[in-house]
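Q: File name target_5.txt; file contents compact mmCIF, C-alpha atoms; full text below.
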```txt
# COMPACT_ATOMS: atom_id res chain seq x y z
CA MET A 325 38.88 81.37 131.03
CA LYS A 326 42.48 80.43 131.87
CA PHE A 327 45.46 81.92 130.09
CA PRO A 328 49.14 81.10 130.68
CA SER A 329 50.30 82.56 133.97
CA LEU A 330 53.22 84.92 134.30
CA VAL A 331 55.26 82.07 135.78
CA GLU A 332 54.39 79.73 132.90
CA GLN A 333 55.35 82.36 130.35
CA ALA A 334 58.72 82.94 131.95
CA THR A 335 59.85 79.32 132.20
CA ILE A 336 62.11 79.39 129.15
CA LEU A 337 64.48 82.07 130.43
CA GLN A 338 65.23 83.39 133.88
CA GLU A 339 64.84 87.10 134.65
CA SER A 340 68.62 87.48 134.81
CA ASP A 341 68.90 86.32 131.21
CA PHE A 342 67.03 89.44 130.08
CA MET A 343 69.09 91.97 132.00
CA SER A 344 71.51 93.95 129.85
CA SER A 345 75.10 94.23 131.08
CA THR A 346 75.25 97.76 129.62
CA PRO A 347 73.03 100.45 131.20
CA PHE A 348 70.65 102.11 128.75
CA ASP A 349 71.84 105.55 127.61
CA ALA A 350 69.14 107.75 126.04
CA ASP A 351 71.69 110.29 124.80
CA SER A 352 73.62 107.61 122.93
CA PHE A 353 70.35 106.28 121.49
CA ASN A 354 69.32 109.72 120.25
CA GLN A 355 72.68 110.30 118.61
CA ALA A 356 72.32 107.18 116.48
CA VAL A 357 68.55 106.93 115.85
CA MET A 358 66.57 109.39 113.70
CA SER A 359 64.13 111.59 115.62
CA THR A 360 60.97 110.36 113.93
CA TYR A 361 59.16 109.56 117.17
CA GLY A 362 58.13 111.62 120.18
CA ARG A 363 59.05 108.97 122.73
CA PHE A 364 57.90 108.78 126.33
CA PRO A 365 60.84 108.67 128.79
CA LEU A 366 60.86 104.92 129.13
CA ALA A 367 63.13 102.13 127.84
CA LEU A 368 61.47 98.72 127.88
CA GLU A 369 63.52 95.55 128.15
CA ARG A 370 61.28 92.52 128.58
CA GLY A 371 57.68 91.41 128.87
CA ALA A 372 55.43 88.55 129.97
CA GLY A 373 51.69 88.38 129.45
CA CYS A 374 50.19 91.85 129.87
CA ARG A 375 53.20 93.23 131.72
CA VAL A 376 56.51 94.76 130.67
CA TRP A 377 59.62 95.85 132.56
CA ASP A 378 61.92 98.78 131.88
CA THR A 379 65.70 98.79 131.99
CA GLN A 380 65.55 99.82 135.65
CA GLY A 381 63.46 96.76 136.51
CA LYS A 382 60.18 98.67 137.08
CA GLU A 383 57.02 96.78 136.14
CA TYR A 384 54.18 98.23 134.04
CA LEU A 385 50.75 97.02 133.02
CA ASP A 386 50.79 97.20 129.22
CA PHE A 387 47.55 98.58 127.79
CA VAL A 388 49.26 99.59 124.55
CA ALA A 389 50.29 96.12 123.33
CA GLY A 390 52.58 97.56 120.68
CA ILE A 391 49.65 99.76 119.57
CA ALA A 392 47.02 97.03 119.29
CA THR A 393 49.55 94.52 117.99
CA CYS A 394 50.58 92.04 120.71
CA THR A 395 47.43 89.94 120.45
CA LEU A 396 48.61 87.25 122.87
CA GLY A 397 50.65 89.60 125.04
CA HIS A 398 54.37 89.12 125.58
CA ALA A 399 56.27 85.81 125.54
CA HIS A 400 53.15 83.71 125.04
CA PRO A 401 54.14 80.01 125.00
CA ALA A 402 52.39 79.37 121.67
CA MET A 403 54.40 82.13 119.98
CA VAL A 404 57.65 81.15 121.67
CA GLU A 405 57.17 77.58 120.46
CA ALA A 406 56.22 78.68 116.92
CA VAL A 407 59.15 81.09 116.63
CA THR A 408 61.60 78.45 117.86
CA ARG A 409 60.22 75.71 115.63
CA GLN A 410 60.07 77.81 112.47
CA ILE A 411 63.47 79.51 112.78
CA GLN A 412 65.06 76.08 113.15
CA LYS A 413 63.20 74.81 110.10
CA LEU A 414 63.11 77.57 107.42
CA HIS A 415 62.71 81.31 107.81
CA HIS A 416 62.93 82.89 104.34
CA VAL A 417 63.05 81.76 100.72
CA SER A 418 61.15 84.51 98.78
CA ASN A 419 58.01 84.08 96.71
CA LEU A 420 59.91 82.51 93.82
CA TYR A 421 58.69 79.22 95.32
CA TYR A 422 55.61 77.81 96.98
CA ILE A 423 55.60 78.38 100.76
CA PRO A 424 53.45 75.82 102.59
CA GLU A 425 53.10 78.00 105.73
CA GLN A 426 51.84 80.86 103.59
CA GLY A 427 49.19 78.62 102.06
CA GLU A 428 48.08 77.38 105.49
CA LEU A 429 47.74 80.90 106.86
CA ALA A 430 45.86 82.09 103.78
CA LYS A 431 43.48 79.14 104.05
CA TRP A 432 42.81 79.95 107.73
CA ILE A 433 41.97 83.55 106.84
CA VAL A 434 39.73 82.52 103.93
CA ASP A 435 37.96 79.94 106.10
CA HIS A 436 37.36 82.55 108.82
CA SER A 437 36.33 85.55 106.74
CA CYS A 438 34.43 86.68 103.65
CA ALA A 439 37.65 86.66 101.58
CA ASP A 440 38.50 84.31 98.74
CA ARG A 441 42.19 85.15 98.20
CA VAL A 442 45.05 86.69 100.23
CA PHE A 443 48.19 88.69 99.42
CA PHE A 444 50.86 88.91 102.13
CA CYS A 445 53.22 91.80 102.83
CA ASN A 446 54.94 93.27 105.89
CA SER A 447 52.79 96.03 107.39
CA GLY A 448 49.43 97.74 107.43
CA ALA A 449 50.64 100.51 105.17
CA GLU A 450 51.80 97.95 102.59
CA ALA A 451 48.51 96.09 102.85
CA ASN A 452 46.64 99.31 102.15
CA GLU A 453 49.01 100.13 99.26
CA ALA A 454 48.16 96.74 97.79
CA ALA A 455 44.45 97.45 98.18
CA ILE A 456 44.84 100.85 96.51
CA LYS A 457 46.71 99.32 93.57
CA LEU A 458 44.16 96.54 93.18
CA ALA A 459 41.30 99.05 93.29
CA ARG A 460 42.96 101.25 90.66
CA LYS A 461 43.54 98.32 88.32
CA TYR A 462 39.93 97.22 88.79
CA ALA A 463 38.70 100.74 88.08
CA HIS A 464 40.73 100.96 84.86
CA THR A 465 40.18 97.46 83.50
CA VAL A 466 36.71 96.53 84.76
CA LEU A 467 34.88 99.81 85.41
CA ASP A 468 36.58 101.59 82.48
CA ILE A 469 37.45 104.67 84.53
CA ALA A 470 40.24 106.77 83.05
CA HIS A 471 40.90 108.79 86.23
CA PRO A 472 39.67 106.76 89.21
CA ILE A 473 39.11 108.36 92.59
CA ILE A 474 39.20 106.58 95.94
CA LEU A 475 37.07 108.07 98.71
CA THR A 476 38.55 108.10 102.23
CA ALA A 477 37.27 109.62 105.45
CA HIS A 478 38.39 112.66 107.39
CA ALA A 479 40.28 111.70 110.60
CA SER A 480 41.20 108.33 109.11
CA PHE A 481 44.59 106.67 109.27
CA HIS A 482 45.88 104.29 106.60
CA GLY A 483 49.68 104.37 106.86
CA ARG A 484 52.86 106.38 106.33
CA THR A 485 53.75 105.81 102.68
CA LEU A 486 53.03 108.63 100.23
CA ALA A 487 49.85 106.99 98.95
CA THR A 488 48.58 106.04 102.41
CA ILE A 489 49.26 109.43 104.01
CA THR A 490 47.30 110.91 101.12
CA ALA A 491 44.50 108.46 101.88
CA THR A 492 44.86 109.48 105.53
CA ALA A 493 42.77 112.64 105.58
CA GLN A 494 44.68 114.32 108.40
CA PRO A 495 46.82 117.33 107.41
CA LYS A 496 49.27 116.78 110.28
CA TYR A 497 50.50 113.59 108.62
CA GLN A 498 50.77 115.23 105.17
CA LYS A 499 52.62 118.44 106.04
CA TYR A 500 55.89 118.91 104.10
CA PHE A 501 55.37 115.74 102.05
CA ASP A 502 53.59 117.26 99.06
CA PRO A 503 53.05 116.81 96.22
CA LEU A 504 50.72 114.14 97.47
CA VAL A 505 49.49 111.23 95.37
CA PRO A 506 46.49 112.20 93.19
CA GLY A 507 43.31 110.19 93.07
CA PHE A 508 41.82 110.66 96.54
CA HIS A 509 38.79 112.62 97.77
CA TYR A 510 37.71 113.04 101.39
CA ILE A 511 34.31 112.40 102.95
CA ASN A 512 32.93 112.66 106.48
CA TYR A 513 32.90 109.51 108.62
CA ASN A 514 29.42 108.27 109.60
CA ASP A 515 27.84 110.97 107.35
CA ILE A 516 26.13 109.31 104.40
CA ARG A 517 25.12 112.60 102.77
CA SER A 518 28.80 113.44 102.42
CA VAL A 519 29.37 110.18 100.55
CA GLU A 520 26.34 110.57 98.29
CA ALA A 521 27.33 114.14 97.42
CA ALA A 522 30.90 113.10 96.60
CA VAL A 523 29.82 110.25 94.33
CA THR A 524 27.32 112.49 92.50
CA GLU A 525 29.79 115.36 92.11
CA LEU A 526 32.72 113.26 90.93
CA ASP A 527 30.69 111.14 88.53
CA GLU A 528 29.55 114.28 86.66
CA GLY A 529 33.12 115.28 85.69
CA ASN A 530 36.17 113.62 84.15
CA TYR A 531 36.76 111.61 87.32
CA ARG A 532 34.73 108.79 88.78
CA VAL A 533 34.74 107.01 92.10
CA GLY A 534 36.33 103.59 91.83
CA ALA A 535 36.52 102.62 95.49
CA ILE A 536 35.77 103.65 99.06
CA LEU A 537 38.53 102.91 101.58
CA ILE A 538 37.32 103.19 105.17
CA GLU A 539 37.85 101.86 108.71
CA PRO A 540 35.02 99.96 110.44
CA LEU A 541 36.19 101.81 113.56
CA GLN A 542 38.51 104.79 113.32
CA GLY A 543 41.49 104.09 115.56
CA GLU A 544 43.93 106.98 115.28
CA GLY A 545 40.96 109.23 114.58
CA GLY A 546 39.74 108.88 118.16
CA VAL A 547 38.37 105.33 118.55
CA ARG A 548 35.12 106.10 116.69
CA PRO A 549 32.97 103.05 115.85
CA GLY A 550 31.21 102.95 112.51
CA ASP A 551 27.46 103.51 112.37
CA VAL A 552 25.57 100.45 111.11
CA ALA A 553 23.13 102.44 108.96
CA TYR A 554 26.01 104.38 107.39
CA PHE A 555 27.91 101.25 106.43
CA LYS A 556 24.83 99.49 105.10
CA ARG A 557 24.17 102.48 102.85
CA LEU A 558 27.82 102.42 101.71
CA ARG A 559 27.37 98.79 100.74
CA GLN A 560 24.18 99.64 98.85
CA ILE A 561 25.87 102.49 96.95
CA CYS A 562 28.76 100.23 95.98
CA ASP A 563 26.41 97.45 94.84
CA GLU A 564 24.44 99.91 92.69
CA THR A 565 27.47 101.56 91.06
CA GLY A 566 30.16 98.88 90.93
CA ILE A 567 32.37 100.87 93.32
CA LEU A 568 34.63 98.63 95.42
CA LEU A 569 34.16 98.76 99.19
CA ILE A 570 37.49 98.40 101.02
CA PHE A 571 37.81 98.08 104.80
CA ASP A 572 41.01 98.94 106.64
CA GLU A 573 40.99 96.37 109.46
CA VAL A 574 44.67 96.88 110.36
CA GLN A 575 43.90 97.99 113.91
CA VAL A 576 40.43 96.63 114.63
CA GLY A 577 40.76 93.20 113.00
CA MET A 578 42.04 89.86 114.33
CA GLY A 579 39.71 89.77 117.30
CA ARG A 580 40.38 93.14 118.89
CA SER A 581 36.77 94.25 118.44
CA GLY A 582 35.36 91.15 120.14
CA LYS A 583 34.66 89.62 116.75
CA LEU A 584 37.34 88.33 114.43
CA TRP A 585 36.73 91.17 111.95
CA GLY A 586 35.31 94.62 112.48
CA TYR A 587 32.92 94.31 109.55
CA GLU A 588 31.00 91.68 111.55
CA HIS A 589 29.74 94.50 113.79
CA LEU A 590 28.27 96.35 110.81
CA GLY A 591 26.18 93.74 109.01
CA VAL A 592 28.02 94.15 105.69
CA GLU A 593 30.92 92.51 103.89
CA PRO A 594 33.70 94.43 102.13
CA ASP A 595 35.00 93.50 98.69
CA ILE A 596 38.58 93.99 99.89
CA PHE A 597 39.96 94.34 103.40
CA THR A 598 43.36 94.66 105.01
CA SER A 599 45.00 93.34 108.15
CA ALA A 600 48.35 93.63 109.95
CA LYS A 601 49.16 94.51 113.61
CA GLY A 602 47.42 91.72 115.56
CA LEU A 603 47.69 89.18 112.74
CA GLY A 604 51.25 88.29 113.71
CA GLY A 605 50.92 89.04 117.41
CA GLY A 606 53.89 91.42 117.15
CA ILE A 607 55.80 89.71 114.33
CA PRO A 608 55.72 92.06 111.28
CA ILE A 609 53.15 90.88 108.74
CA GLY A 610 50.43 92.48 106.62
CA ALA A 611 47.73 91.02 104.44
CA MET A 612 45.31 92.23 101.78
CA MET A 613 42.26 90.05 101.25
CA SER A 614 39.75 90.19 98.42
CA LYS A 615 36.74 88.46 97.01
CA LYS A 616 37.24 86.44 93.86
CA PHE A 617 35.52 88.86 91.46
CA CYS A 618 38.04 91.64 92.14
CA ASP A 619 41.13 89.45 92.52
CA ILE A 620 42.62 90.59 89.21
CA PHE A 621 46.34 90.94 89.95
CA GLN A 622 48.55 89.05 87.51
CA PRO A 623 52.13 87.79 88.15
CA GLY A 624 54.55 90.72 88.26
CA GLU A 625 51.95 93.40 89.03
CA HIS A 626 52.54 93.40 92.78
CA ALA A 627 55.08 91.72 95.02
CA SER A 628 57.00 91.70 98.30
CA THR A 629 60.42 90.19 98.99
CA PHE A 630 59.70 89.39 102.62
CA GLY A 631 55.91 89.15 102.43
CA GLY A 632 54.49 85.80 103.47
CA ASN A 633 57.80 84.17 104.27
CA PRO A 634 57.79 80.88 106.22
CA PHE A 635 58.80 82.48 109.50
CA VAL A 636 56.11 85.17 109.75
CA CYS A 637 53.39 82.92 108.39
CA GLY A 638 54.26 80.08 110.75
CA VAL A 639 54.10 82.42 113.75
CA ALA A 640 50.95 84.21 112.54
CA LEU A 641 49.21 80.86 112.06
CA SER A 642 50.00 79.99 115.67
CA VAL A 643 48.38 83.27 116.75
CA CYS A 644 45.26 82.50 114.70
CA GLN A 645 44.99 78.97 116.05
CA THR A 646 45.49 80.15 119.64
CA LEU A 647 42.66 82.66 119.26
CA GLU A 648 40.39 79.72 118.48
CA LYS A 649 41.85 77.15 120.86
CA GLU A 650 41.72 79.41 123.92
CA ASN A 651 38.35 81.00 123.02
CA ILE A 652 39.96 84.43 123.28
CA LEU A 653 37.18 86.30 121.49
CA GLN A 654 34.88 85.58 124.43
CA ASN A 655 37.50 87.07 126.74
CA VAL A 656 37.70 90.17 124.53
CA GLU A 657 33.95 90.71 124.75
CA GLU A 658 33.78 90.13 128.50
CA GLN A 659 36.83 92.17 129.49
CA GLY A 660 36.02 94.91 126.98
CA ALA A 661 32.57 95.34 128.53
CA HIS A 662 34.12 95.35 132.01
CA LEU A 663 36.66 97.99 130.96
CA ARG A 664 34.02 100.28 129.43
CA GLU A 665 31.82 99.92 132.51
CA GLY A 666 34.73 100.91 134.73
CA LEU A 667 35.75 103.83 132.52
CA ARG A 668 32.17 105.14 132.46
CA ALA A 669 32.07 104.99 136.25
CA ILE A 670 35.26 107.05 136.32
CA ALA A 671 33.81 109.49 133.76
CA LEU A 672 30.87 110.17 136.08
CA LYS A 673 33.36 111.37 138.69
CA TYR A 674 34.92 113.80 136.22
CA PRO A 675 31.99 115.36 134.33
CA HIS A 676 33.96 118.55 133.64
CA HIS A 677 36.94 116.67 132.20
CA ILE A 678 35.62 113.58 130.39
CA SER A 679 33.07 113.75 127.57
CA GLU A 680 32.66 110.13 126.43
CA VAL A 681 33.76 106.51 126.65
CA ARG A 682 33.42 104.46 123.46
CA GLY A 683 34.77 101.44 121.63
CA TRP A 684 34.38 97.79 120.72
CA GLY A 685 35.88 94.84 122.52
CA LEU A 686 39.40 95.75 123.66
CA ILE A 687 39.83 98.92 121.62
CA ASN A 688 38.38 101.71 123.72
CA GLY A 689 38.73 105.45 124.01
CA LEU A 690 38.32 107.88 126.90
CA GLU A 691 37.66 111.31 125.41
CA LEU A 692 38.57 114.49 127.27
CA LYS A 693 36.43 117.62 127.03
CA ALA A 694 37.40 119.83 124.10
CA ASP A 695 37.25 123.02 126.15
CA ILE A 696 39.83 122.06 128.78
CA PRO A 697 43.61 122.41 128.30
CA LEU A 698 44.40 118.86 129.43
CA THR A 699 45.58 116.61 126.56
CA ALA A 700 45.60 112.85 126.05
CA ALA A 701 49.41 112.84 125.89
CA GLU A 702 49.61 114.49 129.32
CA VAL A 703 47.34 111.84 130.82
CA VAL A 704 49.29 109.04 129.15
CA ASN A 705 52.59 110.46 130.43
CA ALA A 706 51.21 110.77 133.97
CA ALA A 707 49.86 107.20 133.87
CA ILE A 708 53.40 105.90 133.41
CA ASN A 709 54.14 107.00 136.97
CA GLU A 710 51.23 104.82 138.12
CA GLY A 711 52.66 101.78 136.32
CA LEU A 712 50.18 101.86 133.42
CA LEU A 713 51.03 102.22 129.73
CA LEU A 714 48.39 103.86 127.53
CA VAL A 715 48.47 105.53 124.11
CA PRO A 716 46.80 108.67 122.70
CA ALA A 717 44.40 108.50 119.76
CA GLY A 718 44.52 112.14 118.73
CA PRO A 719 44.92 115.15 121.04
CA LYS A 720 41.93 114.42 123.28
CA VAL A 721 41.40 110.64 123.34
CA ILE A 722 43.22 108.15 125.58
CA ARG A 723 43.25 104.73 123.94
CA PHE A 724 43.07 101.41 125.81
CA VAL A 725 44.29 98.46 123.69
CA PRO A 726 45.64 95.74 126.02
CA PRO A 727 46.58 92.24 124.85
CA LEU A 728 43.51 90.15 124.14
CA ILE A 729 44.41 87.78 127.00
CA VAL A 730 43.98 90.51 129.64
CA THR A 731 42.26 89.36 132.84
CA GLU A 732 39.57 90.95 134.98
CA ALA A 733 42.13 91.55 137.72
CA GLU A 734 44.37 93.39 135.28
CA ILE A 735 41.44 95.49 134.05
CA ASN A 736 40.71 96.42 137.65
CA GLN A 737 44.33 97.33 138.27
CA ALA A 738 44.33 99.54 135.16
CA LEU A 739 41.12 101.29 136.26
CA GLN A 740 42.65 102.04 139.67
CA ALA A 741 45.72 103.49 137.94
CA VAL A 742 43.51 105.66 135.71
CA GLU A 743 41.67 107.02 138.76
CA LYS A 744 44.96 107.88 140.47
CA THR A 745 46.26 109.51 137.30
CA LEU A 746 43.17 111.65 136.76
CA ALA A 747 43.15 112.72 140.39
CA LYS A 748 46.66 114.07 139.96
CA VAL A 749 46.35 115.73 136.54
CA THR A 750 43.04 117.41 137.38
CA ALA A 751 44.03 118.66 140.83
```
What do you get writing this file as structure tokens?

A:
Amino acid sequence: MKFPSLVEQATILQESDFMSSTPFDADSFNQAVMSTYGRFPLALERGAGCRVWDTQGKEYLDFVAGIATCTLGHAHPAMVEAVTRQIQKLHHVSNLYYIPEQGELAKWIVDHSCADRVFFCNSGAEANEAAIKLARKYAHTVLDIAHPIILTAHASFHGRTLATITATAQPKYQKYFDPLVPGFHYINYNDIRSVEAAVTELDEGNYRVGAILIEPLQGEGGVRPGDVAYFKRLRQICDETGILLIFDEVQVGMGRSGKLWGYEHLGVEPDIFTSAKGLGGGIPIGAMMSKKFCDIFQPGEHASTFGGNPFVCGVALSVCQTLEKENILQNVEEQGAHLREGLRAIALKYPHHISEVRGWGLINGLELKADIPLTAAEVVNAAINEGLLLVPAGPKVIRFVPPLIVTEAEINQALQAVEKTLAKVTA
């Protein structure tokens, strides 16, 4: 499978065109920018394919991809062409009018998924907010539930708004932001008894379960794939009770799992699902998809000023079409399997430090032993010195989420960097 070479991706601008005339100053940056991120000591300036360069000109292999976002890598010709074409044509008009690019993108998603309708917004958190609102309206107006509850899983991640950090059953994201939004109850991931007990308990009181919001694979929760039997039982429970089944596909969707959607690994279809990250290949866009029976929003009940504008939809459509044209899903399956094989070989060399390798496609996790002091962040920081960018998924899991166009040679280079990193941090 042939993807655009580094040379081909850099033909539009020369390297000198990217170089800033003003040296980067971290102190000046920190004085002006709020301290909401714990940043690694690195300032990135440009990228091409699966590689990025910092302001000092050092090259890195990018296995973060904007946290599972840069589907086609950096400066992919299809995206460069789409961005250029659309910005010269029309970039924003608002949803007061019909937007042809929005309709084309929605049709592509509907044609390539179980969805019947699409709502566009700007991020994964907004997509999940839209799903929560739609589920609540459905619970009130269709299921006749006065106080609907949405079940979400421990160790999940659904966003940073007040509603989505409440849905995110991780106390570290909720600290200091109470009172949280009511209407959520937490269950254990891949534990069907926990779900059955919650539905039984809640349905006996003044509250009833209206929806289950869950990730097919937990990303921030440690790259934990869903269990097929668990998800099939969830689908059965929802079919028997009328509860809506909602999948958060923000991180695992758009081909990252080796299939276009994560739910395809589980043998079930959701009633509602969300996407963002990889959908725009790095251009901010979110989407909430639903089946026709629960598409009950009316004009004025939900909206987004920027959502689905011509620019983002034109670029996102180019990403979708490129996934098909270049048969990238096959590459995801092949290179994902190669990466896991290599990581498992490394794990055998460090039986006292590594407990498991797991994942789907090109979202994979290397889990460190719980009883050792070494953390994922320490490994990630050390890997920078070896020219490899990785990202933690919790305190003990190192996450590998390269662009979907990654090559076998780049996988091999990353594995060599991981071996060098582990040799140093475990010495």

Q: Write out as an MDAnalysis selection string the residues lying within 12 Å of Ala521 (chain A), counting only C-alpha atoms and excluding same-chain residues fewer than 2 positions away.

A: chainID A and resid 475 509:512 515:519 523:528 533 561

Q: Identify, on the basis of all atoms listed in the file, every residue whose closest approach to Ile670 (chain A) does not exceed 9 Å; exclude the query and any residue fewer than 3 positions from it along the same chain; express the result as a ChimeraX atom specification.

A: /A:665-667,673-674,678,739,742-743

Q: Would you please work out which residue, of A:Asn452, A:Thr629, A:Trp684, A:Leu537, is nearest to Leu590 (chain A) when using only C-alpha atoms?

A: A:Trp684

Q: One decimal, Å: what's the distance from CA of Ser480 (chain A) over to CA of Thr492 (chain A), could you say?

A: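 We find that CA of Ser480 (chain A) and CA of Thr492 (chain A) lie 5.2 Å from each other.
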
Q: Tell me, as JSON, numbers by chain, which residues lie within 6 Å of region 581-585 of chain A, counting only C-alpha atoms; anything in the same chain fewer than 2 positions away does not count.

A: {"A": [576, 577, 578, 579, 587, 588, 653, 656, 657, 684, 685]}

Q: Mind dumping the selected residues with C-alpha atoms as a PDB file, in the frame of the given file?

A:
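Output file selection.pdb follows:
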```
ATOM      1  CA  VAL A 576      40.430  96.630 114.630  1.00  0.00           C
ATOM      2  CA  GLY A 577      40.760  93.200 113.000  1.00  0.00           C
ATOM      3  CA  MET A 578      42.040  89.860 114.330  1.00  0.00           C
ATOM      4  CA  GLY A 579      39.710  89.770 117.300  1.00  0.00           C
ATOM      5  CA  TYR A 587      32.920  94.310 109.550  1.00  0.00           C
ATOM      6  CA  GLU A 588      31.000  91.680 111.550  1.00  0.00           C
ATOM      7  CA  LEU A 653      37.180  86.300 121.490  1.00  0.00           C
ATOM      8  CA  VAL A 656      37.700  90.170 124.530  1.00  0.00           C
ATOM      9  CA  GLU A 657      33.950  90.710 124.750  1.00  0.00           C
ATOM     10  CA  TRP A 684      34.380  97.790 120.720  1.00  0.00           C
ATOM     11  CA  GLY A 685      35.880  94.840 122.520  1.00  0.00           C
TER      12      GLY A 685
END
```

Q: Choose the residue, out of A:Leu541, A:Leu746, A:Ile391, A:Ala701, that has the smallest atom-to-atom separation from Ala479 (chain A); count only C-alpha atoms.

A: A:Leu541

Q: If you measure from CA of Gly566 (chain A) to CA of Leu504 (chain A), what distance in Å do you get, rounded to one decimal?

A: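 Between CA of Gly566 (chain A) and CA of Leu504 (chain A) the gap works out to 26.4 Å.
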